[in-house]
$ cat input.cif   # mmCIF, C-alpha atoms and all ligand atoms
data_start
#
loop_
_atom_site.group_PDB
_atom_site.id
_atom_site.type_symbol
_atom_site.label_atom_id
_atom_site.label_comp_id
_atom_site.auth_asym_id
_atom_site.auth_seq_id
_atom_site.Cartn_x
_atom_site.Cartn_y
_atom_site.Cartn_z
ATOM 1 C CA MET A 1 -43.707 69.472 112.552
ATOM 2 C CA PHE A 2 -46.528 67.741 114.392
ATOM 3 C CA TRP A 3 -49.019 70.477 113.590
ATOM 4 C CA ALA A 4 -47.990 70.535 109.961
ATOM 5 C CA ARG A 5 -48.832 66.851 109.804
ATOM 6 C CA VAL A 6 -52.197 67.365 111.479
ATOM 7 C CA TYR A 7 -52.906 70.163 109.032
ATOM 8 C CA ILE A 8 -52.143 67.987 106.020
ATOM 9 C CA LEU A 9 -54.152 65.107 107.461
ATOM 10 C CA THR A 10 -57.184 67.353 108.031
ATOM 11 C CA LEU A 11 -56.868 68.770 104.529
ATOM 12 C CA THR A 12 -56.781 65.282 103.028
ATOM 13 C CA LEU A 13 -59.858 64.280 105.003
ATOM 14 C CA ILE A 14 -61.772 67.371 103.877
ATOM 15 C CA GLN A 15 -60.807 66.736 100.258
ATOM 16 C CA LYS A 16 -61.942 63.130 100.550
ATOM 17 C CA ALA A 17 -65.265 64.185 102.050
ATOM 18 C CA GLN A 18 -65.774 66.721 99.278
ATOM 19 C CA ARG A 19 -65.064 64.125 96.640
ATOM 20 C CA VAL A 20 -67.673 61.797 98.176
ATOM 21 C CA ILE A 21 -70.274 64.570 98.070
ATOM 22 C CA GLU A 22 -69.395 65.320 94.448
ATOM 23 C CA GLU A 23 -69.726 61.653 93.550
ATOM 24 C CA ARG A 24 -73.229 61.585 94.972
ATOM 25 C CA ARG A 25 -74.459 63.583 92.040
ATOM 26 C CA CYS A 26 -74.709 62.922 88.335
ATOM 27 C CA PRO A 27 -71.989 64.834 86.469
ATOM 28 C CA LEU A 28 -74.354 65.620 83.594
ATOM 29 C CA GLU A 29 -75.383 69.259 83.492
ATOM 30 C CA GLY A 30 -79.093 69.776 84.091
ATOM 31 C CA CYS A 31 -79.558 66.255 85.446
ATOM 32 C CA ASP A 32 -81.087 65.886 88.896
ATOM 33 C CA SER A 33 -79.688 62.351 89.435
ATOM 34 C CA ASN A 34 -83.176 60.870 89.412
ATOM 35 C CA GLY A 35 -83.733 57.382 88.076
ATOM 36 C CA HIS A 36 -81.241 54.775 86.946
ATOM 37 C CA LEU A 37 -80.549 53.323 83.523
ATOM 38 C CA SER A 38 -81.054 49.801 84.871
ATOM 39 C CA GLY A 39 -84.368 50.825 86.446
ATOM 40 C CA LYS A 40 -83.301 49.128 89.662
ATOM 41 C CA PHE A 41 -82.364 52.235 91.615
ATOM 42 C CA GLU A 42 -83.994 55.497 92.563
ATOM 43 C CA LYS A 43 -80.908 57.573 91.843
ATOM 44 C CA HIS A 44 -77.706 57.469 89.832
ATOM 45 C CA PHE A 45 -74.394 59.211 90.183
ATOM 46 C CA THR A 46 -72.518 58.267 87.035
ATOM 47 C CA LEU A 47 -72.968 58.999 83.344
ATOM 48 C CA GLU A 48 -73.077 55.263 82.624
ATOM 49 C CA ALA A 49 -76.282 54.990 84.662
ATOM 50 C CA CYS A 50 -77.751 58.336 83.608
ATOM 51 C CA PRO A 51 -81.064 57.982 81.722
ATOM 52 C CA ILE A 52 -80.829 61.490 80.261
ATOM 53 C CA TYR A 53 -77.300 60.821 79.010
ATOM 54 C CA HIS A 54 -78.672 57.781 77.153
ATOM 55 C CA ASN A 55 -81.569 59.782 75.685
ATOM 56 C CA THR A 56 -84.189 58.147 77.836
ATOM 57 C CA THR A 57 -86.056 58.973 81.050
ATOM 58 C CA ALA A 58 -86.114 57.555 84.553
ATOM 59 C CA GLU A 59 -89.725 56.520 83.969
ATOM 60 C CA LYS A 60 -88.890 54.609 80.780
ATOM 61 C CA CYS A 61 -86.023 52.813 82.514
ATOM 62 C CA ARG A 62 -88.290 51.720 85.337
ATOM 63 C CA GLN A 63 -90.922 50.584 82.851
ATOM 64 C CA GLY A 64 -88.290 48.684 80.902
ATOM 65 C CA MET A 65 -87.160 46.852 84.004
ATOM 66 C CA GLU A 66 -90.728 45.895 84.876
ATOM 67 C CA ASP A 67 -91.311 44.616 81.356
ATOM 68 C CA ARG A 68 -88.142 42.532 81.592
ATOM 69 C CA LYS A 69 -89.291 41.148 84.928
ATOM 70 C CA LYS A 70 -92.699 40.219 83.507
ATOM 71 C CA ARG A 71 -91.088 38.548 80.515
ATOM 72 C CA GLU A 72 -88.788 36.622 82.815
ATOM 73 C CA GLU A 73 -91.757 35.458 84.893
ATOM 74 C CA SER A 74 -93.761 34.296 81.906
ATOM 75 C CA ARG A 75 -90.669 32.524 80.607
ATOM 76 C CA LYS A 76 -90.347 30.707 83.939
ATOM 77 C CA LYS A 77 -94.020 29.783 83.886
ATOM 78 C CA ALA A 78 -93.689 28.435 80.360
ATOM 79 C CA LEU A 79 -90.709 26.358 81.460
ATOM 80 C CA GLU A 80 -92.623 24.975 84.429
ATOM 81 C CA TYR A 81 -95.557 24.151 82.201
ATOM 82 C CA HIS A 82 -93.212 22.441 79.796
ATOM 83 C CA LYS A 83 -91.770 20.352 82.638
ATOM 84 C CA LYS A 84 -95.253 19.280 83.727
ATOM 85 C CA ILE A 85 -96.361 18.007 80.369
ATOM 86 C CA THR A 86 -93.168 16.129 79.611
HETATM 87 ZN ZN ZN A 101 -77.763 61.861 85.225
#
$ encode --input "input.cif" --output "structure tokens"
Amino acid sequence: MFWARVYILTLTLIQKAQRVIEERRCPLEGCDSNGHLSGKFEKHFTLEACPIYHNTTAEKCRQGMEDRKKREESRKKALEYHKKIT
């Protein structure tokens, strides 16, 4: 009885570990998990964040994030400038 329980417990742990390893990889076939749709991360592990799945590339996503950041900065500067003159 005791050993049966240990056996089941070990099996559950192994299955859990395997699932974690599987989750650390993009499920899309042919995708190497590189890049992230948001451009914020080096890697992705879900289809929602997969650049290839969304017909784009990791490079484009990164570029897009940088462009957004630049726009945000210039917007802030414009706001500050506006505050100064009013
Ligand atoms: Zn992917």
$ closest_atom_pairs --input "input.cif" --of "chain A" --to "ligand ZN 101 (chain A)" --cutoff "6 Å" --atoms "only C-alpha atoms and all ligand atoms" --output "Markdown table"
| residue | atom | partner | partner_atom | distance |
| --- | --- | --- | --- | --- |
| A:Cys26 | CA | A:ZN101 | ZN | 4.5 |
| A:Leu28 | CA | A:ZN101 | ZN | 5.3 |
| A:Cys31 | CA | A:ZN101 | ZN | 4.8 |
| A:Ser33 | CA | A:ZN101 | ZN | 4.7 |
| A:Leu47 | CA | A:ZN101 | ZN | 5.9 |
| A:Cys50 | CA | A:ZN101 | ZN | 3.9 |
| A:Ile52 | CA | A:ZN101 | ZN | 5.8 |
$ resolve_selection --input "input.cif" --expression "the PyMOL selection byres (((chain A and resi 38) around 8) and not hetatm)" --output "ChimeraX atom specification"
/A:36-37,39-41,49,61-62,65
$ atom_distance --input "input.cif" --atom1 "CA of His54 (chain A)" --atom2 "CA of Glu42 (chain A)"
16.5 Å
$ atom_distance --input "input.cif" --atom1 "CA of Asn34 (chain A)" --atom2 "CA of Glu66 (chain A)"
17.4 Å
$ atom_distance --input "input.cif" --atom1 "CA of Ala58 (chain A)" --atom2 "CA of Arg25 (chain A)"
15.1 Å
$ closest_residue --input "input.cif" --among "A:Gly35, A:His44, A:Glu73, A:Ala17" --to "Thr56 (chain A)" --atoms "only C-alpha atoms"
A:Gly35
$ axis_aligned_box --input "input.cif" --around "region 51-63 of chain A" --padding-each-side "3 Å" --output "JSON"
{"center_x": -84.1, "center_y": 56.0, "center_z": 80.5, "size_x": 19.6, "size_y": 16.9, "size_z": 15.7}
$ closest_residue --input "input.cif" --among "A:Leu9, A:Tyr53, A:Lys69, A:Lys16" --to "Glu29 (chain A)" --atoms "only C-alpha atoms"
A:Tyr53
